[in-house]
file work_8.cif (mmCIF, C-alpha atoms)
data_data
loop_
_atom_site.label_atom_id
_atom_site.label_comp_id
_atom_site.auth_asym_id
_atom_site.auth_seq_id
_atom_site.Cartn_x
_atom_site.Cartn_y
_atom_site.Cartn_z
CA GLY I 1 35.23 -0.75 -7.88
CA MET I 2 32.50 -0.51 -10.51
CA PHE I 3 30.19 -2.68 -8.40
CA MET I 4 30.07 -0.12 -5.58
CA PHE I 5 27.76 2.87 -5.39
CA THR I 6 27.53 5.79 -3.03
CA GLN I 7 24.40 6.32 -0.93
CA ASP I 8 23.38 9.23 -3.14
CA GLN I 9 23.81 7.15 -6.30
CA ALA I 10 21.63 4.36 -4.87
CA LEU I 11 18.90 6.84 -3.92
CA ARG I 12 19.02 8.39 -7.39
CA MET I 13 18.56 4.95 -8.99
CA ASN I 14 15.65 4.14 -6.67
CA ALA I 15 14.05 7.46 -7.61
CA CYS I 16 14.37 6.66 -11.31
CA LEU I 17 12.82 3.21 -10.87
CA SER I 18 9.96 4.57 -8.78
CA VAL I 19 9.00 7.37 -11.16
CA ALA I 20 10.41 7.50 -14.69
CA ARG I 21 11.01 3.77 -15.17
CA ASN I 22 8.44 2.16 -12.89
CA SER I 23 7.27 -0.20 -15.65
CA LEU I 24 10.57 -2.09 -15.20
CA LEU I 25 9.34 -3.19 -11.78
CA ALA I 26 6.65 -5.27 -13.51
CA SER I 27 9.10 -7.15 -15.72
CA ASP I 28 9.06 -10.94 -15.64
CA GLY I 29 12.85 -10.70 -15.59
CA LEU I 30 12.61 -9.87 -11.88
CA ILE I 31 10.93 -13.20 -11.09
CA PRO I 32 13.42 -15.90 -10.02
CA VAL I 33 13.45 -19.16 -11.94
CA GLY I 34 11.57 -21.80 -9.95
CA GLY I 35 12.72 -25.28 -9.17
CA GLY I 36 9.77 -27.08 -10.77
CA SER I 37 7.30 -26.84 -13.62
CA PRO I 38 4.22 -24.97 -12.36
CA ALA I 39 0.86 -26.02 -13.73
CA PRO I 40 -1.01 -23.46 -15.83
CA ASP I 41 -2.13 -20.78 -13.40
CA LEU I 42 -3.41 -17.27 -14.10
CA TRP I 43 -1.95 -14.69 -11.73
CA MET I 44 -1.00 -11.04 -11.31
CA GLN I 45 1.92 -9.53 -9.41
CA ASP I 46 1.37 -7.74 -6.08
CA ASN I 47 4.80 -6.09 -6.03
CA ALA I 48 8.27 -6.52 -7.47
CA ASP I 49 9.06 -9.27 -4.92
CA ASP I 50 6.02 -11.39 -5.81
CA THR I 51 6.75 -14.69 -7.61
CA GLY I 52 3.17 -15.93 -7.71
CA THR I 53 3.40 -18.28 -4.73
CA GLU I 54 0.44 -18.39 -2.35
CA PRO I 55 0.43 -16.75 0.07
CA ASP I 56 2.70 -13.98 -1.12
CA ALA I 57 5.61 -14.02 1.35
CA SER I 58 6.88 -10.58 0.31
CA ALA I 59 7.37 -8.03 3.08
CA SER I 60 6.32 -5.28 0.66
CA PRO I 61 2.75 -3.92 0.88
CA MET I 62 0.00 -5.73 -1.02
CA TYR I 63 -1.51 -2.50 -2.42
CA ILE I 64 1.23 -1.36 -4.81
CA SER I 65 0.74 -3.62 -7.84
CA ASP I 66 2.40 -2.52 -11.07
CA ASP I 67 0.16 -4.94 -12.99
CA ILE I 68 -2.56 -2.25 -12.91
CA TRP I 69 -2.04 1.18 -14.40
CA VAL I 70 -4.19 4.08 -15.64
CA ARG I 71 -3.71 6.19 -18.75
CA ASN I 72 -5.67 9.28 -19.74
CA ALA I 73 -5.45 8.16 -23.39
CA PRO I 74 -5.58 4.62 -24.90
CA ASP I 75 -1.78 4.34 -25.03
CA GLY I 76 -1.18 1.98 -22.11
CA LEU I 77 0.28 -0.87 -24.17
CA ALA I 78 3.27 1.23 -25.13
CA ASN I 79 3.38 3.46 -22.04
CA GLN I 80 2.94 1.62 -18.76
CA ASP I 81 3.61 4.57 -16.45
CA HIS I 82 0.57 5.16 -14.21
CA GLN I 83 -1.28 8.47 -14.52
CA ASN I 84 -3.83 10.04 -12.22
CA PRO I 85 -7.33 9.42 -13.63
CA ASN I 86 -9.35 12.42 -14.77
CA GLY I 87 -12.72 12.62 -13.06
CA GLU I 88 -15.82 12.56 -15.34
CA GLN I 89 -13.58 12.02 -18.36
CA GLY I 90 -12.64 8.96 -20.34
CA ASN I 91 -9.64 7.07 -18.96
CA TYR I 92 -8.19 3.64 -19.66
CA VAL I 93 -7.18 1.04 -17.09
CA TYR I 94 -4.72 -1.68 -18.06
CA VAL I 95 -4.29 -5.00 -16.26
CA ARG I 96 -1.47 -7.46 -16.93
CA VAL I 97 -2.46 -11.13 -16.55
CA ARG I 98 0.24 -13.81 -16.43
CA ASN I 99 0.35 -17.61 -16.70
CA ARG I 100 2.78 -19.33 -14.31
CA GLY I 101 2.94 -22.44 -16.48
CA CYS I 102 6.14 -23.07 -18.39
CA ALA I 103 6.57 -21.68 -21.87
CA GLY I 104 4.63 -23.78 -24.34
CA ALA I 105 2.42 -25.25 -21.61
CA ALA I 106 -1.35 -25.28 -21.91
CA ALA I 107 -3.25 -22.02 -21.94
CA LYS I 108 -5.48 -21.06 -19.02
CA SER I 109 -8.74 -19.09 -19.19
CA GLY I 110 -10.79 -17.08 -16.74
CA THR I 111 -12.83 -13.94 -16.26
CA LEU I 112 -11.02 -10.74 -15.28
CA ARG I 113 -13.10 -8.36 -13.15
CA LEU I 114 -11.94 -4.81 -12.43
CA TYR I 115 -13.34 -2.60 -9.66
CA TRP I 116 -12.82 0.94 -8.36
CA ALA I 117 -13.26 2.32 -4.84
CA LYS I 118 -12.77 5.62 -3.12
CA ALA I 119 -9.25 5.31 -1.79
CA SER I 120 -8.92 4.59 1.89
CA SER I 121 -6.63 2.77 4.28
CA SER I 122 -9.74 0.96 5.56
CA LEU I 123 -11.00 -0.93 2.50
CA SER I 124 -12.69 -4.31 2.95
CA TRP I 125 -14.42 -6.90 0.74
CA PRO I 126 -16.90 -7.00 -0.95
CA ALA I 127 -17.99 -3.54 0.16
CA PRO I 128 -17.38 -0.90 -1.12
CA TRP I 129 -16.23 -2.49 -4.40
CA ASP I 130 -19.67 -3.99 -5.06
CA GLY I 131 -21.43 -0.61 -5.15
CA SER I 132 -23.27 -1.18 -1.86
CA VAL I 133 -21.80 1.86 -0.06
CA THR I 134 -23.50 5.03 -1.29
CA SER I 135 -22.92 7.45 1.59
CA PRO I 136 -21.48 10.08 1.70
CA ALA I 137 -21.26 9.27 -2.04
CA LEU I 138 -20.89 6.16 -4.18
CA MET I 139 -17.74 4.62 -2.72
CA GLY I 140 -17.03 1.93 -5.31
CA ALA I 141 -18.35 -0.18 -8.19
CA LEU I 142 -17.46 -2.71 -10.88
CA ILE I 143 -15.68 -1.15 -13.87
CA GLY I 144 -16.11 -4.17 -16.10
CA SER I 145 -15.46 -7.85 -16.83
CA GLN I 146 -13.64 -9.47 -19.72
CA PRO I 147 -12.72 -13.06 -20.61
CA VAL I 148 -8.98 -13.69 -20.68
CA THR I 149 -6.84 -16.56 -21.97
CA VAL I 150 -3.07 -16.70 -21.52
CA SER I 151 -0.62 -19.28 -22.87
CA GLY I 152 1.86 -20.98 -20.56
CA GLY I 153 4.82 -18.76 -19.64
CA ALA I 154 3.22 -15.74 -21.31
CA SER I 155 1.28 -12.65 -20.27
CA THR I 156 -1.35 -10.44 -21.81
CA ILE I 157 -2.60 -6.90 -21.14
CA VAL I 158 -6.32 -6.18 -20.96
CA GLU I 159 -7.73 -2.67 -21.49
CA PHE I 160 -10.82 -1.30 -19.70
CA PRO I 161 -12.36 2.09 -20.61
CA TRP I 162 -13.30 3.92 -17.40
CA THR I 163 -15.03 7.20 -16.62
CA PRO I 164 -14.47 7.89 -12.90
CA PRO I 165 -17.10 9.71 -10.85
CA ASP I 166 -17.12 13.45 -10.28
CA PRO I 167 -14.41 14.32 -7.70
CA SER I 168 -16.62 17.13 -6.39
CA ASP I 169 -18.92 14.44 -4.96
CA TYR I 170 -16.09 13.72 -2.52
CA ALA I 171 -15.34 17.30 -1.50
CA ALA I 172 -15.77 16.29 2.14
CA PHE I 173 -12.48 14.40 1.83
CA GLY I 174 -10.50 17.54 0.97
CA ALA I 175 -7.38 17.05 -1.13
CA ASP I 176 -8.11 13.32 -1.29
CA LYS I 177 -11.31 13.83 -3.31
CA ALA I 178 -9.74 12.70 -6.61
CA HIS I 179 -7.96 9.62 -5.24
CA PHE I 180 -9.44 6.27 -6.25
CA CYS I 181 -8.30 2.66 -5.79
CA LEU I 182 -8.36 -0.25 -8.23
CA LEU I 183 -8.81 -3.97 -7.62
CA ALA I 184 -8.50 -6.76 -10.19
CA ARG I 185 -9.72 -10.34 -9.67
CA ILE I 186 -9.45 -13.36 -11.95
CA GLU I 187 -12.30 -15.84 -11.52
CA THR I 188 -11.81 -19.33 -12.99
CA THR I 189 -15.15 -20.78 -11.82
CA THR I 190 -18.65 -19.31 -11.69
CA THR I 191 -19.46 -20.31 -8.11
CA ALA I 192 -17.80 -19.53 -4.78
CA PRO I 193 -14.89 -19.48 -4.09
CA PHE I 194 -14.53 -18.60 -7.83
CA GLY I 195 -11.22 -20.44 -8.17
CA MET I 196 -9.54 -18.71 -5.25
CA THR I 197 -7.04 -20.86 -3.34
CA SER I 198 -8.20 -19.19 -0.10
CA PRO I 199 -11.90 -18.25 0.05
CA GLU I 200 -12.31 -14.49 0.34
CA THR I 201 -13.29 -12.84 3.62
CA SER I 202 -13.94 -9.24 4.60
CA ASN I 203 -10.17 -8.79 5.11
CA LEU I 204 -9.15 -7.46 1.69
CA TYR I 205 -5.45 -7.35 2.54
CA ALA I 206 -5.48 -11.08 3.42
CA ASN I 207 -7.47 -11.89 0.27
CA VAL I 208 -4.81 -10.24 -1.90
CA GLN I 209 -1.90 -11.78 -0.01
CA ASN I 210 -3.36 -15.31 -0.05
CA ASN I 211 -4.54 -15.39 -3.67
CA ASN I 212 -2.25 -14.68 -6.62
CA ASN I 213 -5.22 -13.86 -8.85
CA ILE I 214 -6.19 -10.74 -6.90
CA VAL I 215 -4.17 -7.50 -7.09
CA TRP I 216 -4.74 -4.09 -5.62
CA LYS I 217 -3.41 -0.65 -6.41
CA ASN I 218 -3.76 2.26 -4.01
CA ILE I 219 -1.94 4.98 -5.84
CA SER I 220 -2.63 8.60 -6.55
CA ILE I 221 -0.12 10.68 -8.46
CA VAL I 222 -0.26 14.40 -7.83
CA ASP I 223 1.53 16.19 -10.67
CA THR I 224 2.12 19.82 -9.77
CA ASP I 225 3.87 22.80 -11.28
CA GLY I 226 5.37 25.77 -9.53
CA ASP I 227 6.17 25.26 -5.87
CA GLY I 228 4.56 21.81 -5.68
CA MET I 229 2.77 20.30 -2.70
CA ARG I 230 4.07 19.35 0.71
CA PHE I 231 0.95 17.54 1.91
CA ALA I 232 -1.33 14.61 1.17
CA ASP I 233 -4.68 13.39 2.49
CA VAL I 234 -5.68 9.79 3.20
CA VAL I 235 -9.26 8.66 3.89
CA VAL I 236 -9.81 6.59 7.03
CA GLY I 237 -13.13 5.08 8.02
CA ARG I 238 -15.16 1.96 8.61
CA PHE I 239 -16.89 0.15 5.74
CA ASP I 240 -17.94 -3.00 7.60
CA ARG I 241 -19.59 -3.68 10.94
CA GLU I 242 -16.61 -5.32 12.58
CA ALA I 243 -15.70 -3.29 15.66
CA GLN I 244 -11.97 -2.94 16.24
CA ARG I 245 -9.62 -0.23 17.30
CA THR I 246 -8.43 2.24 14.68
CA HIS I 247 -4.69 1.62 14.58
CA LEU I 248 -2.57 3.83 12.29
CA ARG I 249 1.17 3.45 11.74
CA PHE I 250 3.56 5.69 9.79
CA GLU I 251 6.38 3.64 8.31
CA THR I 252 9.19 4.10 5.81
CA PRO I 253 10.19 1.08 3.68
CA LYS I 254 13.46 -0.47 4.77
CA ARG I 255 15.83 0.54 1.99
CA ALA I 256 19.44 1.61 1.88
CA GLY I 257 19.96 5.32 2.29
CA ALA I 258 18.29 8.13 4.18
CA SER I 259 14.54 8.38 4.78
CA LEU I 260 12.46 11.55 4.70
CA PHE I 261 12.90 11.78 8.49
CA ASN I 262 16.57 12.59 7.88
CA TRP I 263 15.39 15.84 6.25
CA GLY I 264 12.40 16.89 8.31
CA HIS I 265 9.29 15.74 10.14
CA LEU I 266 5.56 15.25 9.63
CA LEU I 267 2.62 17.20 10.97
CA VAL I 268 -0.53 15.06 11.02
CA GLU I 269 -4.01 16.52 11.39
CA LEU I 270 -7.25 14.53 11.80
CA ARG I 271 -10.01 16.10 9.71
CA GLY I 272 -13.73 15.52 9.45
CA GLU I 273 -16.32 15.34 12.22
CA ALA I 274 -15.86 11.62 12.87
CA LEU I 275 -12.06 11.78 13.23
CA GLN I 276 -12.17 15.02 15.19
CA LYS I 277 -14.48 13.37 17.73
CA TRP I 278 -12.25 10.30 17.66
CA SER I 279 -9.17 12.43 18.38
CA GLU I 280 -10.85 13.84 21.49
CA ARG I 281 -11.13 10.36 22.97
CA ASP I 282 -8.46 8.31 24.70
CA LEU I 283 -5.75 7.88 22.06
CA LYS I 284 -2.53 5.99 22.54
CA CYS I 285 0.51 7.44 20.78
CA GLU I 286 3.94 5.93 20.18
CA GLY I 287 6.53 8.14 18.53
CA ALA I 288 3.89 10.80 17.90
CA GLN I 289 3.77 13.97 19.96
CA ARG I 290 0.39 15.64 20.34
CA LEU I 291 0.64 19.42 20.00
CA GLU I 292 -1.53 22.02 21.71
CA ASP I 293 -3.44 22.70 18.49
CA GLY I 294 -4.47 19.03 18.26
CA ARG I 295 -2.04 18.02 15.51
CA PHE I 296 0.54 15.27 15.88
CA LEU I 297 4.26 15.74 15.28
CA ILE I 298 6.04 12.66 13.94
CA ALA I 299 9.81 12.67 13.67
CA ARG I 300 10.67 8.99 13.24
CA PRO I 301 9.38 5.95 11.33
CA GLY I 302 7.21 3.45 13.18
CA ALA I 303 5.09 6.08 14.94
CA GLN I 304 1.60 4.88 15.83
CA ILE I 305 -1.74 6.41 16.77
CA VAL I 306 -4.29 4.00 18.25
CA GLY I 307 -7.83 4.79 19.34
CA PRO I 308 -11.26 3.26 19.90
CA PRO I 309 -13.30 1.82 17.00
CA LEU I 310 -15.00 4.03 14.46
CA GLU I 311 -18.64 3.25 13.73
CA GLN I 312 -19.69 1.78 10.40
CA GLY I 313 -20.08 4.58 7.86
CA GLU I 314 -17.85 7.04 9.75
CA PHE I 315 -15.09 8.56 7.62
CA GLY I 316 -12.51 11.31 7.85
CA THR I 317 -9.14 12.24 6.39
CA ILE I 318 -5.60 12.13 7.71
CA HIS I 319 -3.84 15.30 6.52
CA VAL I 320 -0.08 14.67 6.33
CA GLN I 321 2.27 17.62 5.89
CA PHE I 322 6.02 17.31 5.42
CA VAL I 323 8.01 20.04 7.20
CA PRO I 324 11.68 20.23 6.11
CA ASP I 325 14.28 21.11 8.70
CA GLY I 326 15.93 23.72 6.46
CA ARG I 327 18.38 21.47 4.63
CA ARG I 328 17.82 20.09 1.16
CA PRO I 329 19.09 16.84 -0.36
CA ALA I 330 21.20 17.17 -3.48
CA GLY I 331 19.59 16.21 -6.77
CA ALA I 332 16.29 14.49 -7.41
CA ARG I 333 15.10 12.15 -4.66
CA VAL I 334 12.01 10.07 -3.95
CA PHE I 335 11.25 9.35 -0.30
CA GLU I 336 8.57 6.79 0.60
CA LEU I 337 6.08 6.81 3.46
CA ASP I 338 3.45 4.14 4.17
CA LEU I 339 0.39 5.08 6.20
CA ILE I 340 -0.78 1.65 7.34
CA GLU I 341 -3.98 0.61 9.10
CA LEU I 342 -3.65 -2.45 11.38
CA ASP I 343 -6.12 -4.73 13.09
CA ASP I 344 -6.15 -5.60 16.80
CA ARG I 345 -3.54 -8.32 16.21
CA GLY I 346 -1.17 -5.90 14.52
CA GLU I 347 -1.74 -7.34 11.03
CA ARG I 348 -2.21 -5.05 8.04
CA LEU I 349 -5.72 -4.19 6.89
CA GLY I 350 -4.69 -1.67 4.24
CA GLY I 351 -2.69 1.43 3.65
CA GLN I 352 -1.46 4.03 1.28
CA ARG I 353 2.02 4.72 0.00
CA LEU I 354 3.04 8.34 -0.31
CA LEU I 355 6.05 9.38 -2.32
CA LEU I 356 7.82 12.61 -1.46
CA LYS I 357 9.51 13.67 -4.67
CA THR I 358 12.14 16.37 -4.71
CA GLY I 359 13.10 18.16 -7.91
CA SER I 360 16.57 18.91 -9.19
CA ASN I 361 18.26 21.86 -10.82
CA ARG I 362 15.80 24.31 -9.31
CA LYS I 363 16.28 27.31 -7.12
CA HIS I 364 14.70 26.82 -3.75
CA HIS I 365 14.06 28.40 -0.43
CA CYS I 366 12.68 27.25 2.87
CA ASP I 367 9.87 29.22 4.46
CA SER I 368 10.28 28.37 8.12
CA ALA I 369 6.86 29.76 8.99
CA VAL I 370 4.94 27.16 7.01
CA GLY I 371 7.65 24.63 6.30
CA SER I 372 7.44 24.99 2.54
CA TRP I 373 10.05 23.55 0.25
CA ASP I 374 10.09 24.45 -3.42
CA GLY I 375 10.34 21.54 -5.82
CA VAL I 376 8.84 19.02 -3.38
CA THR I 377 5.79 17.06 -4.45
CA TRP I 378 3.73 14.60 -2.43
CA ARG I 379 2.82 11.77 -4.72
CA PRO I 380 0.50 9.29 -2.90
CA VAL I 381 1.29 6.29 -5.04
CA LYS I 382 1.13 2.54 -4.86
CA SER I 383 -0.44 3.18 -1.88
CA SER I 384 -5.24 1.80 -0.74
CA CYS I 385 -6.67 1.64 -3.16
CA GLY I 386 -5.37 0.82 1.34
CA CYS I 387 -5.17 1.60 -3.91
CA GLY I 388 -3.22 3.90 -6.69
CA CYS I 389 -5.86 4.93 -8.35
#
call {"tool": "encode", "arguments": {"input": "work_8.cif", "output": "structure tokens"}}
result
Amino acid sequence: GMFMFTQDQALRMNACLSVARNSLLASDGLIPVGGGSPAPDLWMQDNADDTGTEPDASASPMYISDDIWVRNAPDGLANQDHQNPNGEQGNYVYVRVRNRGCAGAAAKSGTLRLYWAKASSSLSWPAPWDGSVTSPALMGALIGSQPVTVSGGASTIVEFPWTPPDPSDYAAFGADKAHFCLLARIETTTTAPFGMTSPETSNLYANVQNNNNIVWKNISIVDTDGDGMRFADVVVGRFDREAQRTHLRFETPKRAGASLFNWGHLLVELRGEALQKWSERDLKCEGAQRLEDGRFLIARPGAQIVGPPLEQGEFGTIHVQFVPDGRRPAGARVFELDLIELDDRGERLGGQRLLLKTGSNRKHHCDSAVGSWDGVTWRPVKSSCGCGC
């Protein structure tokens, strides 16, 4: 019947929503009608499943908000597709603020604060967003603050001009040097806890999940021509002094259809002095095979690498390479991978979402020596700032 779709058709629709039509995921039409009449309440949406309740019960990551997006030109009101920011050039960040009150209900006011940070799966609060981390370079700062007032049942979009730092200052992070995260907070009082339902702690992930007036975007879009890219880099490190094991998990979102592991595997390399030393220590691996050259081969979702704590101020990058098995899916596809950092209790601290995007209507070949795949692009999106910056 007309209500049934093949697996390939479902994947094609998911690809369209994730790339060309991702602004639809921020539509209020996706929010179920509640059973009561909420009081005026300023909020922002963590993900497409978020209805504004506190805490956010969604199983989706907290770092993929579509209520924050970047444009290289001041056209974000009409075009809400996120672009990669240009370093040392003028960009524009847009934040959508909503009011949960019923239509026609009283307006609500607050102060919207927007921050940037060097993207990492290890982000905490308030550092590095407050500008206090300056080594190996400035790792975050306030972009700006603006007053905001929204009528009941309505939403408004606030624009912030932003000139990101020079990506060359982050050359030590390799391909991840131009990846930044964004964090938006609405404060409704001038003293702590600033109107937050749950007072903020160093656990940024919990802050976002527990408070509907904090959203986070860890997304970097890599637009490439020619053969495209088959790799991505994610910064891992320790911003605070809390000592806990470094626990990394590679997961694919639970969706209908095949995952990227149906078409190949991952090669993961730990880069940077801190992570190289860390990799030489006693690591515990589940679903990850350590190769003789020190890299890790991952062929299934849920693989984990767990090791001793990193020291405060130690950073490195996780280099993730997709190696196809020689086959190629038909048509355009978008495959998702979450690199998640967990605490000692197994709860999320942060992460980064990577999108593996395959092109369509292109000639291709597979170079078995290096695992290349023409038309494939890694697109670390909606991922830490654990942002999409």
call {"tool": "resolve_selection", "arguments": {"input": "work_8.cif", "expression": "the PyMOL selection byres ((chain I and resi 339-342) around 7)", "output": "list in words"}}
result
Ser121, Ser122, His247, Leu248, Arg249, Phe250, Glu251, Leu337, Asp338, Asp343, Asp344, Gly346, Glu347, Arg348, Leu349, Gly350, Gly351, Gln352 and Arg353 of chain I
call {"tool": "residues_around", "arguments": {"input": "work_8.cif", "residues": "I:Ala73", "least_positions_apart": "2", "cutoff": "12 Å", "atoms": "only C-alpha atoms", "output": "list in words"}}
result
Trp69, Val70, Arg71, Asp75, Gly76, Leu77, Ala78, Asn79, Gln80, Asp81, His82, Gln83, Asn84, Pro85, Asn86, Gln89, Gly90, Asn91, Tyr92, Val93, Tyr94, Glu159, Phe160, Pro161, Trp162 and Thr163 of chain I
call {"tool": "resolve_selection", "arguments": {"input": "work_8.cif", "expression": "the PyMOL selection byres ((chain I and resi 238) around 6)", "output": "list in words"}}
result
Gly237, Phe239, Asp240, Gln312, Gly313 and Glu314 of chain I
call {"tool": "write_last_selection", "arguments": {"input": "work_8.cif", "atoms": "C-alpha atoms", "output": "PDB file, in the frame of the given file"}}
result
ATOM      1  CA  GLY I 237     -13.130   5.080   8.020  1.00  0.00           C
ATOM      2  CA  PHE I 239     -16.890   0.150   5.740  1.00  0.00           C
ATOM      3  CA  ASP I 240     -17.940  -3.000   7.600  1.00  0.00           C
ATOM      4  CA  GLN I 312     -19.690   1.780  10.400  1.00  0.00           C
ATOM      5  CA  GLY I 313     -20.080   4.580   7.860  1.00  0.00           C
ATOM      6  CA  GLU I 314     -17.850   7.040   9.750  1.00  0.00           C
TER       7      GLU I 314
END
call {"tool": "resolve_selection", "arguments": {"input": "work_8.cif", "expression": "the PyMOL selection byres ((chain I and resi 149) around 6)", "output": "VMD selection string"}}
result
chain I and resid 108 to 109 148 150
call {"tool": "atom_distance", "arguments": {"input": "work_8.cif", "atom1": "atom CA of I:Pro308", "atom2": "atom CA of I:Arg281"}}
result
7.7 Å
call {"tool": "residues_around", "arguments": {"input": "work_8.cif", "residues": "I:Arg98", "least_positions_apart": "4", "cutoff": "9 Å", "atoms": "all atoms listed in the file", "output": "ChimeraX atom specification"}}
result
/I:41-45,150-157
call {"tool": "atom_distance", "arguments": {"input": "work_8.cif", "atom1": "atom CA of I:Met139", "atom2": "atom CA of I:Phe180"}}
result
9.2 Å
